[in-house]
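*Asks:* To be precise about what I am sending: the file is called model_10.txt and holds compact mmCIF, C-alpha atoms.
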# COMPACT_ATOMS: atom_id res chain seq x y z
CA MET A 1 -39.86 41.98 -95.61
CA SER A 2 -40.41 42.82 -91.97
CA THR A 3 -38.76 46.19 -92.54
CA LEU A 4 -41.18 47.03 -95.35
CA PHE A 5 -44.14 45.96 -93.20
CA LEU A 6 -42.92 48.06 -90.31
CA ALA A 7 -42.30 51.07 -92.56
CA LEU A 8 -45.86 50.93 -93.87
CA VAL A 9 -47.33 50.50 -90.38
CA ILE A 10 -45.30 53.40 -88.97
CA THR A 11 -46.38 55.65 -91.83
CA ALA A 12 -50.00 54.65 -91.26
CA ALA A 13 -49.71 55.42 -87.55
CA GLN A 14 -48.20 58.81 -88.37
CA ILE A 15 -51.06 59.60 -90.74
CA ILE A 16 -53.61 58.62 -88.08
CA LEU A 17 -51.88 60.79 -85.48
CA GLY A 18 -51.83 63.63 -88.00
CA LEU A 19 -55.59 63.25 -88.48
CA SER A 20 -56.11 63.38 -84.74
CA MET A 21 -54.03 66.58 -84.61
CA LEU A 22 -56.29 68.00 -87.32
CA CYS A 23 -59.37 67.25 -85.17
CA ALA A 24 -57.73 68.97 -82.22
CA ALA A 25 -56.73 71.94 -84.38
CA TYR A 26 -60.33 72.24 -85.65
CA ARG A 27 -61.59 72.43 -82.07
CA MET A 28 -58.90 74.98 -81.25
CA LEU A 29 -59.78 77.22 -84.20
CA ARG A 30 -63.57 76.93 -84.03
CA GLY A 31 -64.10 77.26 -80.31
CA PRO A 32 -66.95 78.05 -79.62
CA ARG A 33 -65.69 79.24 -76.24
CA ALA A 34 -62.23 79.92 -74.89
CA GLN A 35 -62.10 76.75 -72.79
CA ASP A 36 -62.78 74.65 -75.91
CA ARG A 37 -59.81 76.26 -77.61
CA VAL A 38 -57.52 75.54 -74.68
CA LEU A 39 -58.73 71.93 -74.65
CA GLY A 40 -57.97 71.66 -78.38
CA LEU A 41 -54.49 73.08 -77.84
CA ASP A 42 -53.83 70.55 -75.10
CA ALA A 43 -54.87 67.68 -77.38
CA LEU A 44 -52.72 69.15 -80.16
CA TYR A 45 -49.68 69.09 -77.87
CA LEU A 46 -50.33 65.45 -77.03
CA GLY A 47 -50.62 64.52 -80.71
CA ALA A 48 -47.35 66.28 -81.50
CA MET A 49 -45.61 64.46 -78.67
CA LEU A 50 -46.79 61.04 -79.80
CA LEU A 51 -45.88 61.87 -83.41
CA LEU A 52 -42.33 62.66 -82.31
CA VAL A 53 -42.13 59.32 -80.52
CA THR A 54 -43.15 57.53 -83.74
CA TYR A 55 -40.42 59.43 -85.60
CA GLY A 56 -38.01 58.17 -82.97
CA VAL A 57 -39.11 54.58 -83.68
CA GLN A 58 -38.81 55.17 -87.42
CA THR A 59 -35.29 56.54 -87.40
CA GLY A 60 -34.02 54.56 -84.43
CA ARG A 61 -32.57 57.68 -82.83
CA THR A 62 -33.14 58.76 -79.24
CA LEU A 63 -32.92 62.44 -80.20
CA TYR A 64 -36.68 62.57 -80.78
CA TYR A 65 -37.34 61.25 -77.30
CA GLU A 66 -35.86 64.36 -75.75
CA ALA A 67 -37.89 66.59 -78.05
CA ALA A 68 -41.05 64.69 -77.01
CA LEU A 69 -40.19 65.19 -73.34
CA ALA A 70 -39.70 68.92 -73.91
CA ILE A 71 -43.05 69.19 -75.74
CA GLY A 72 -44.79 67.37 -72.91
CA LEU A 73 -43.34 69.76 -70.33
CA LEU A 74 -44.16 72.87 -72.35
CA GLY A 75 -47.69 71.68 -73.09
CA PHE A 76 -48.38 71.16 -69.40
CA ALA A 77 -47.04 74.58 -68.42
CA GLY A 78 -48.88 76.30 -71.27
CA THR A 79 -52.25 74.74 -70.55
CA VAL A 80 -51.98 75.44 -66.83
CA ALA A 81 -51.13 79.07 -67.52
CA LEU A 82 -54.04 79.45 -69.94
CA SER A 83 -56.50 77.85 -67.50
CA LYS A 84 -55.31 80.19 -64.78
CA PHE A 85 -55.83 83.10 -67.13
CA LEU A 86 -59.38 81.96 -67.88
CA MET A 87 -60.13 81.89 -64.17
CA ARG A 88 -58.58 85.22 -63.27
CA GLY A 89 -59.06 87.13 -66.50
CA GLU A 90 -62.80 87.42 -66.06
CA VAL A 91 -62.91 88.61 -62.49
CA ILE A 92 -64.70 91.95 -62.76
CA GLU A 93 -65.02 93.71 -59.48
CA MET B 1 -30.19 57.80 -41.43
CA ARG B 2 -33.31 59.85 -40.87
CA ARG B 3 -31.26 63.03 -40.60
CA LEU B 4 -29.09 62.24 -43.59
CA LEU B 5 -32.00 61.30 -45.89
CA PRO B 6 -35.18 62.89 -44.59
CA PHE B 7 -37.21 61.77 -47.64
CA PRO B 8 -35.97 58.33 -48.69
CA LEU B 9 -38.75 57.69 -51.23
CA LEU B 10 -38.21 61.04 -52.92
CA THR B 11 -34.45 60.45 -53.06
CA LEU B 12 -34.98 57.04 -54.61
CA ALA B 13 -37.41 58.45 -57.19
CA LEU B 14 -34.93 61.16 -58.19
CA LEU B 15 -32.13 58.62 -58.52
CA VAL B 16 -34.27 56.35 -60.72
CA MET B 17 -35.20 59.33 -62.87
CA TRP B 18 -31.55 60.33 -63.26
CA VAL B 19 -30.53 56.81 -64.27
CA LEU B 20 -33.43 56.52 -66.75
CA LEU B 21 -32.50 59.82 -68.38
CA THR B 22 -28.75 59.28 -68.64
CA GLY B 23 -28.52 55.53 -69.15
CA PHE B 24 -27.17 53.02 -66.69
CA SER B 25 -23.48 53.27 -65.74
CA PRO B 26 -21.77 53.12 -62.30
CA GLY B 27 -20.57 56.72 -62.56
CA HIS B 28 -24.04 58.02 -63.21
CA VAL B 29 -25.46 56.03 -60.31
CA VAL B 30 -22.98 57.69 -57.94
CA LEU B 31 -23.50 61.16 -59.41
CA GLY B 32 -27.27 60.75 -59.50
CA GLY B 33 -27.29 59.45 -55.93
CA LEU B 34 -25.37 62.53 -54.78
CA VAL B 35 -27.68 64.90 -56.65
CA ALA B 36 -30.80 63.10 -55.40
CA ALA B 37 -29.62 63.18 -51.79
CA LEU B 38 -28.83 66.90 -51.97
CA VAL B 39 -31.88 67.96 -53.98
CA SER B 40 -34.34 66.06 -51.79
CA ARG B 41 -33.04 68.08 -48.82
CA THR B 42 -34.56 71.22 -50.34
CA MET B 43 -37.94 69.74 -49.36
CA LEU B 44 -36.90 70.34 -45.74
CA SER B 45 -37.37 74.08 -46.14
CA LEU B 46 -40.91 73.51 -47.46
CA GLU B 47 -41.82 71.59 -44.28
CA PRO B 48 -44.44 69.30 -45.82
CA GLU B 49 -47.06 67.73 -43.57
CA VAL B 50 -46.62 64.13 -42.55
CA THR B 51 -48.29 62.06 -45.26
CA GLY B 52 -49.29 59.07 -43.17
CA PHE B 53 -48.41 56.93 -46.17
CA ARG B 54 -48.14 53.24 -45.38
CA PRO B 55 -46.60 51.18 -48.17
CA GLY B 56 -48.12 47.75 -48.47
CA LEU B 57 -50.10 45.37 -50.58
CA ALA B 58 -52.96 47.87 -50.82
CA VAL B 59 -50.79 50.13 -53.00
CA LEU B 60 -50.28 47.36 -55.56
CA ARG B 61 -53.96 46.43 -55.44
CA LEU B 62 -54.95 50.04 -56.03
CA ALA B 63 -52.51 50.35 -58.96
CA ALA B 64 -53.81 47.17 -60.60
CA LEU B 65 -57.40 48.31 -60.09
CA VAL B 66 -56.68 51.72 -61.64
CA VAL B 67 -54.96 50.21 -64.69
CA ALA B 68 -57.85 47.77 -65.26
CA ASP B 69 -60.43 50.54 -64.84
CA ILE B 70 -58.59 52.86 -67.23
CA VAL B 71 -58.56 50.20 -69.96
CA ARG B 72 -62.23 49.39 -69.39
CA SER B 73 -63.44 52.96 -69.39
CA ASN B 74 -61.30 53.71 -72.46
CA ILE B 75 -63.40 51.13 -74.32
CA ALA B 76 -66.64 52.53 -72.86
CA VAL B 77 -65.82 56.12 -73.89
CA ALA B 78 -64.66 54.99 -77.33
CA ARG B 79 -68.05 53.31 -77.86
CA ILE B 80 -69.85 56.52 -76.90
CA VAL B 81 -67.71 58.57 -79.30
CA LEU B 82 -67.88 56.18 -82.24
CA PHE B 83 -71.50 55.04 -82.22
CA ARG B 84 -74.16 57.67 -82.00
CA GLY B 85 -76.70 54.98 -81.20
CA VAL B 86 -75.25 54.38 -77.73
CA GLU B 87 -77.49 56.17 -75.25
CA HIS B 88 -75.63 58.34 -72.82
CA LYS B 89 -76.59 61.15 -70.54
CA SER B 90 -73.83 63.20 -68.96
CA GLY B 91 -74.18 65.19 -65.81
CA PHE B 92 -72.74 66.43 -62.54
CA LEU B 93 -72.69 64.31 -59.44
CA HIS B 94 -72.31 65.34 -55.80
CA LEU B 95 -70.46 62.73 -53.84
CA PRO B 96 -70.11 62.77 -50.05
CA ILE B 97 -66.66 61.63 -49.07
CA GLU B 98 -65.07 60.40 -45.87
CA LEU B 99 -61.43 60.84 -46.79
CA ARG B 100 -59.79 63.72 -44.92
CA ASN B 101 -56.11 63.27 -45.67
CA PRO B 102 -55.14 65.87 -48.31
CA TYR B 103 -52.63 63.53 -49.97
CA ALA B 104 -55.25 60.79 -50.30
CA LEU B 105 -57.71 63.31 -51.73
CA ALA B 106 -55.11 64.47 -54.26
CA ILE B 107 -54.50 60.88 -55.36
CA LEU B 108 -58.24 60.26 -55.64
CA ALA B 109 -58.56 63.41 -57.78
CA VAL B 110 -55.81 62.23 -60.12
CA ILE B 111 -57.32 58.73 -60.39
CA ILE B 112 -60.83 60.03 -61.10
CA THR B 113 -59.67 62.54 -63.70
CA ALA B 114 -57.20 60.20 -65.40
CA THR B 115 -59.95 57.64 -65.91
CA PRO B 116 -61.80 58.54 -69.12
CA GLY B 117 -65.45 59.31 -68.50
CA THR B 118 -65.13 60.84 -65.05
CA LEU B 119 -63.75 64.24 -64.11
CA TRP B 120 -63.12 65.73 -60.67
CA VAL B 121 -64.34 69.33 -60.65
CA GLU B 122 -64.45 70.67 -57.11
CA HIS B 123 -63.92 69.71 -53.51
CA ASP B 124 -65.88 71.34 -50.72
CA ALA B 125 -63.54 71.01 -47.75
CA ARG B 126 -66.13 72.25 -45.28
CA ARG B 127 -69.00 69.91 -46.07
CA HIS B 128 -66.77 67.12 -47.44
CA ILE B 129 -68.53 66.83 -50.77
CA ILE B 130 -66.81 66.47 -54.12
CA LEU B 131 -68.31 67.47 -57.44
CA ILE B 132 -67.69 65.06 -60.31
CA HIS B 133 -68.72 65.22 -63.94
CA VAL B 134 -69.61 61.85 -65.44
CA LEU B 135 -69.94 61.24 -69.17
CA ASP B 136 -72.19 58.21 -68.87
CA LEU B 137 -74.42 59.01 -65.90
CA VAL B 138 -77.05 56.29 -66.04
CA ASP B 139 -77.44 55.57 -62.36
CA GLU B 140 -76.12 58.10 -59.83
CA GLU B 141 -76.23 55.71 -56.92
CA GLU B 142 -74.21 53.13 -58.81
CA TRP B 143 -71.39 55.61 -59.49
CA ILE B 144 -71.32 56.74 -55.86
CA GLN B 145 -71.08 53.16 -54.64
CA LEU B 146 -68.45 52.36 -57.27
CA ILE B 147 -66.10 55.17 -56.26
CA LYS B 148 -66.68 54.71 -52.55
CA HIS B 149 -66.13 50.97 -52.60
CA ARG B 150 -63.39 50.73 -55.17
CA TYR B 151 -61.09 53.61 -54.38
CA GLU B 152 -62.03 55.27 -51.13
CA ARG B 153 -61.71 52.12 -49.06
CA LEU B 154 -58.29 51.26 -50.47
CA LEU B 155 -57.04 54.85 -50.07
CA MET B 156 -58.18 54.84 -46.45
CA GLU B 157 -56.28 51.61 -45.95
CA ILE B 158 -53.15 53.20 -47.40
CA PHE B 159 -53.29 56.57 -45.69
CA GLU B 160 -55.21 56.36 -42.45
CA MET C 1 -38.38 58.55 -97.54
CA ILE C 2 -39.87 55.29 -96.33
CA GLN C 3 -37.60 53.85 -93.72
CA ALA C 4 -37.86 51.67 -90.67
CA PRO C 5 -35.50 50.09 -88.15
CA ASP C 6 -34.16 46.63 -88.91
CA LEU C 7 -36.07 44.51 -86.40
CA PRO C 8 -36.69 40.76 -86.30
CA VAL C 9 -40.15 39.71 -87.47
CA TRP C 10 -41.69 39.11 -84.04
CA ALA C 11 -40.52 42.51 -82.76
CA ALA C 12 -41.73 44.24 -85.94
CA ILE C 13 -45.21 42.79 -85.46
CA ILE C 14 -45.36 43.80 -81.79
CA VAL C 15 -44.09 47.33 -82.47
CA GLY C 16 -46.42 47.77 -85.43
CA LEU C 17 -49.53 46.62 -83.56
CA LEU C 18 -48.74 48.76 -80.52
CA LEU C 19 -48.13 51.84 -82.67
CA LEU C 20 -51.30 51.38 -84.70
CA GLY C 21 -53.38 50.70 -81.59
CA GLY C 22 -52.06 53.79 -79.81
CA ALA C 23 -52.61 56.02 -82.83
CA VAL C 24 -56.18 54.75 -83.34
CA VAL C 25 -57.08 55.24 -79.67
CA THR C 26 -55.69 58.80 -79.79
CA LEU C 27 -57.68 59.50 -82.94
CA ILE C 28 -60.89 58.24 -81.29
CA GLY C 29 -60.18 60.56 -78.37
CA THR C 30 -59.79 63.63 -80.55
CA LEU C 31 -62.81 62.59 -82.64
CA GLY C 32 -64.68 62.90 -79.37
CA LEU C 33 -63.58 66.55 -79.32
CA LEU C 34 -65.53 67.00 -82.55
CA ARG C 35 -68.57 64.84 -81.92
CA LEU C 36 -69.56 65.43 -78.31
CA LYS C 37 -72.05 68.21 -77.74
CA THR C 38 -71.11 70.28 -74.68
CA PHE C 39 -67.79 71.40 -73.24
CA TYR C 40 -68.12 69.23 -70.14
CA GLU C 41 -68.58 66.17 -72.35
CA ARG C 42 -65.65 67.14 -74.51
CA VAL C 43 -63.29 67.41 -71.54
CA HIS C 44 -63.47 63.63 -71.23
CA ALA C 45 -62.32 63.00 -74.79
CA PRO C 46 -58.55 63.72 -74.66
CA THR C 47 -58.04 61.39 -71.68
CA LEU C 48 -58.27 58.49 -74.13
CA GLY C 49 -55.11 59.70 -75.81
CA THR C 50 -53.33 60.54 -72.59
CA THR C 51 -53.93 57.16 -70.96
CA LEU C 52 -54.20 54.20 -73.31
CA GLY C 53 -53.04 56.00 -76.47
CA SER C 54 -49.75 57.29 -75.12
CA ALA C 55 -49.17 54.09 -73.13
CA LEU C 56 -49.37 51.98 -76.30
CA VAL C 57 -47.17 54.29 -78.39
CA LEU C 58 -44.57 54.55 -75.62
CA ALA C 59 -44.60 50.77 -75.16
CA ALA C 60 -43.91 50.41 -78.89
CA SER C 61 -40.95 52.75 -78.57
CA MET C 62 -39.67 50.83 -75.55
CA VAL C 63 -39.85 47.48 -77.36
CA CYS C 64 -38.19 48.94 -80.46
CA PHE C 65 -35.20 50.47 -78.66
CA THR C 66 -34.80 47.51 -76.32
CA VAL C 67 -34.45 45.18 -79.32
CA LEU C 68 -32.32 47.61 -81.34
CA GLN C 69 -29.79 48.32 -78.59
CA SER C 70 -30.14 44.81 -77.05
CA ARG C 71 -30.33 46.22 -73.53
CA PRO C 72 -33.41 47.26 -71.57
CA VAL C 73 -34.42 50.82 -72.50
CA ALA C 74 -37.13 52.27 -70.31
CA HIS C 75 -36.74 56.03 -70.40
CA GLU C 76 -40.14 56.27 -72.14
CA LEU C 77 -41.59 55.40 -68.73
CA LEU C 78 -40.68 58.94 -67.69
CA ILE C 79 -42.86 60.47 -70.43
CA GLY C 80 -45.66 58.08 -69.50
CA LEU C 81 -45.45 58.93 -65.81
CA PHE C 82 -45.26 62.60 -66.61
CA VAL C 83 -48.26 62.54 -68.94
CA THR C 84 -50.45 60.54 -66.56
CA LEU C 85 -49.60 62.87 -63.67
CA THR C 86 -49.96 66.20 -65.48
CA THR C 87 -53.08 65.77 -67.64
CA PRO C 88 -55.41 65.34 -64.64
CA VAL C 89 -54.01 68.59 -63.25
CA THR C 90 -54.57 70.52 -66.47
CA LEU C 91 -58.04 69.06 -67.03
CA MET C 92 -59.12 69.81 -63.48
CA LEU C 93 -57.90 73.39 -63.76
CA LEU C 94 -59.62 73.78 -67.11
CA ALA C 95 -62.90 72.35 -65.81
CA ARG C 96 -62.78 74.66 -62.81
CA ALA C 97 -62.10 77.66 -65.04
CA ALA C 98 -65.00 76.65 -67.28
CA ILE C 99 -67.42 76.14 -64.40
CA TYR C 100 -66.34 79.46 -62.91
CA ARG C 101 -67.03 81.24 -66.19
CA ASP C 102 -70.37 79.49 -66.66
CA ARG C 103 -71.46 80.36 -63.13
CA SER C 104 -70.56 84.01 -63.47
CA GLU C 105 -72.47 84.18 -66.76
CA GLY C 106 -75.24 81.79 -65.85
CA VAL C 107 -75.42 80.21 -69.31
CA LEU C 108 -75.47 76.46 -68.76
CA PRO C 109 -77.18 74.35 -66.13
CA VAL C 110 -74.18 74.01 -63.82
CA PRO C 111 -74.48 73.28 -60.11
CA PRO C 112 -74.21 76.42 -57.97
CA SER C 113 -71.11 77.15 -55.98
CA SER C 114 -71.03 75.29 -52.70
CA ARG C 115 -68.91 77.87 -50.91
CA VAL C 116 -71.23 79.51 -48.43
CA PRO C 117 -69.98 83.11 -48.43
CA PRO C 118 -69.44 83.85 -52.12
CA ARG C 119 -66.10 85.54 -52.34
CA ASP C 120 -63.38 85.42 -54.93
CA GLU C 121 -60.22 83.73 -53.90
Can the structure from this file be put into structure tokens for me?
*Replies:*
Amino acid sequence: MSTLFLALVITAAQIILGLSMLCAAYRMLRGPRAQDRVLGLDALYLGAMLLLVTYGVQTGRTLYYEAALAIGLLGFAGTVALSKFLMRGEVIE
Amino acid sequence: MRRLLPFPLLTLALLVMWVLLTGFSPGHVVLGGLVAALVSRTMLSLEPEVTGFRPGLAVLRLAALVVADIVRSNIAVARIVLFRGVEHKSGFLHLPIELRNPYALAILAVIITATPGTLWVEHDARRHIILIHVLDLVDEEEWIQLIKHRYERLLMEIFE
Amino acid sequence: MIQAPDLPVWAAIIVGLLLLGGAVVTLIGTLGLLRLKTFYERVHAPTLGTTLGSALVLAASMVCFTVLQSRPVAHELLIGLFVTLTTPVTLMLLARAAIYRDRSEGVLPVPPSSRVPPRDE
């Protein structure tokens, strides 16, 4: 009984996180400016990380935890690099 | 002791991280302790400035305050996002600041940005003014007093 | 397809509520990305997910694995610490890049640069 309840709740949480990733992806694809796209990408990374954690809860394996950690690290490095590019890329002397 | 472990807090943090990642066992504590002691020595070649950090009750008070504020402003920002009827006017805010310690300023920047609804944009090191963007800027003076009284005083207590 | 860990009832309720709460808070944050009008307003939106949202989801994972393995599991704290420390850095960099671009183009009402001799770093 409790297992069925938990399964439904976990699936619901995954669907909600998926919706939030869709919102972030919309912002990433539509812009309107480059900084909006980078912001959307950052939110997308966060959604993916949390989704992986919920998969870890669902399967009871710690494998997903390491994947979530890797996504968090890569998202940070990626967004920092893109922000740097936005700052430097437009310097026209 | 000082020469063996020049950065005791950093060494401890690395050891805790190692144990959290690998799971607790006596072997890993020894191995992680060795790695932490060696790795933290690499900071010696960077020659960081003295932080002036004074551990004490103020650290715990600041942490509790930040957690409470984050939860509260989460609810405030969620209301702004969900209900269009909620009046809000966002804008930039210049805030004169008395903190000089770079570590304290860095912590203040992280606190302000991590709290939903406020964002640290720039710091003018010459005139000691920071530029903040606030989502719900109803009363400028209120925000200035809030940040100065809540965080700046505690950070000064911790660092200066 | 539908599966879940075998937890006692009290733990299942706690884990379920934490997960749902975290997911909903994250969704509200990204909804803000859609609904707020200007970029500087939108920058505030993802912090909902990075603070309360991820804290709740990670707490759910901690409770779940602690009960499953019947020993304290806290390695999710590392993700939490990492997320709370890194998102301010990325958002600050992004805001500075945006304000730099807006100043050089003069499109939005942004405060002028306070650096007295305008030079690029």
*Asks:* Please measure the separation of CA of Ala109 in chain B and CA of Arg88 in chain A, giving the value in Å to one decimal.
*Replies:* 22.5 Å
*Asks:* Smallest atom-to-atom distance to Ala67 in chain A: which of C:Ile79, C:Val9, C:Leu68, C:Leu94, using only C-alpha atoms?
*Replies:* C:Ile79
*Asks:* Should the cut-off be 6 Å, what would the residue list for chain B against chain C look like, counting only C-alpha atoms, as a PyMOL selection string?
*Replies:* chain B and resi 20+74+81+110+113-114+116-117+121
*Asks:* Just how far from CA of Phe159 in chain B is CA of Phe53 in chain B, in Å to one decimal?
*Replies:*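 CA of Phe159 in chain B lies at a distance of 4.9 Å from CA of Phe53 in chain B.
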*Asks:* Quick check, in Å to one decimal: how far apart do CA of Tyr26 in chain A and CA of Ser73 in chain B lie?
*Replies:*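 Answer for the CA of Tyr26 in chain A to CA of Ser73 in chain B separation: 25.4 Å.
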*Asks:* Chain A near chain B within 12 Å: what's each residue's closest atom pair and its distance in Å to one decimal, counting only C-alpha atoms, ordered by chain then ascending residue number, as JSON lines?
*Replies:*
{"residue": "A:Thr62", "atom": "CA", "partner": "B:Leu21", "partner_atom": "CA", "distance": 10.9}
{"residue": "A:Tyr65", "atom": "CA", "partner": "B:Leu21", "partner_atom": "CA", "distance": 10.2}
{"residue": "A:Glu66", "atom": "CA", "partner": "B:Leu21", "partner_atom": "CA", "distance": 9.3}
{"residue": "A:Leu69", "atom": "CA", "partner": "B:Leu21", "partner_atom": "CA", "distance": 10.6}
*Asks:* Given the choices C:Gly80, C:Ala4, C:Gln69, C:Glu105, which gets closest to chain A if the distance is worked out from only C-alpha atoms?
*Replies:*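 Once distances to chain A are computed over only C-alpha atoms, the minimum belongs to C:Ala4.
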*Asks:* Show me, as a CSV table (one decimal) with C-alpha atoms, in the frame of the given file, the residues that have an atom within 10 Å of Trp18 in chain B when counting only C-alpha atoms, minus same-chain residues fewer than 2 positions from it.
*Replies:*
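Below you can see around-v2.csv, which holds the result:
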chain,number,residue,atom,x,y,z
B,12,LEU,CA,-35.0,57.0,-54.6
B,13,ALA,CA,-37.4,58.4,-57.2
B,14,LEU,CA,-34.9,61.2,-58.2
B,15,LEU,CA,-32.1,58.6,-58.5
B,16,VAL,CA,-34.3,56.4,-60.7
B,20,LEU,CA,-33.4,56.5,-66.8
B,21,LEU,CA,-32.5,59.8,-68.4
B,22,THR,CA,-28.8,59.3,-68.6
B,23,GLY,CA,-28.5,55.5,-69.2
B,24,PHE,CA,-27.2,53.0,-66.7
B,28,HIS,CA,-24.0,58.0,-63.2
B,29,VAL,CA,-25.5,56.0,-60.3
B,31,LEU,CA,-23.5,61.2,-59.4
B,32,GLY,CA,-27.3,60.8,-59.5
B,33,GLY,CA,-27.3,59.4,-55.9
B,35,VAL,CA,-27.7,64.9,-56.6
B,36,ALA,CA,-30.8,63.1,-55.4
C,75,HIS,CA,-36.7,56.0,-70.4
*Asks:* If you count only C-alpha atoms, which residues fall within 10 Å of range 44-54 of chain A, apart from same-chain ones fewer than 5 positions away, as a PyMOL selection string?
*Replies:* (chain A and resi 10-11+13-28+38-39+59-76+78-79) or (chain C and resi 19+22-23+26-27+30+46+49-50+53-55+57-58+60-61+76+79+83+87)
*Asks:* My list of candidates is B:Arg150, B:His94, B:His123, B:Lys89. Which is closest to Leu137 in chain B when distances are computed with all atoms listed in the file?
*Replies:*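 Checking each candidate against Leu137 in chain B, we get B:Lys89 as the closest.
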*Asks:* Rank nothing, just name the residue among A:Ala77, A:Ala34, A:Ala43, A:Val57 nearest to Asp102 in chain C, using all atoms listed in the file.
*Replies:*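 Between A:Ala77, A:Ala34, A:Ala43, A:Val57, the residue approaching Asp102 in chain C most closely is A:Ala34.
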*Asks:* Using all atoms listed in the file, pick whichever of B:Val71, B:Trp120, B:Leu93, B:Met17 has the shortest atom-to-atom distance to Leu56 in chain C.
*Replies:*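 Ranking B:Val71, B:Trp120, B:Leu93, B:Met17 by distance to Leu56 in chain C, first place goes to B:Val71.
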*Asks:* Of the candidates B:Arg153, B:Ala104, B:Glu98, B:Ser45, which one gets nearest to Ile129 in chain B if we count all atoms listed in the file?
*Replies:*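 Counting all atoms listed in the file, the residue closest to Ile129 in chain B is B:Glu98.
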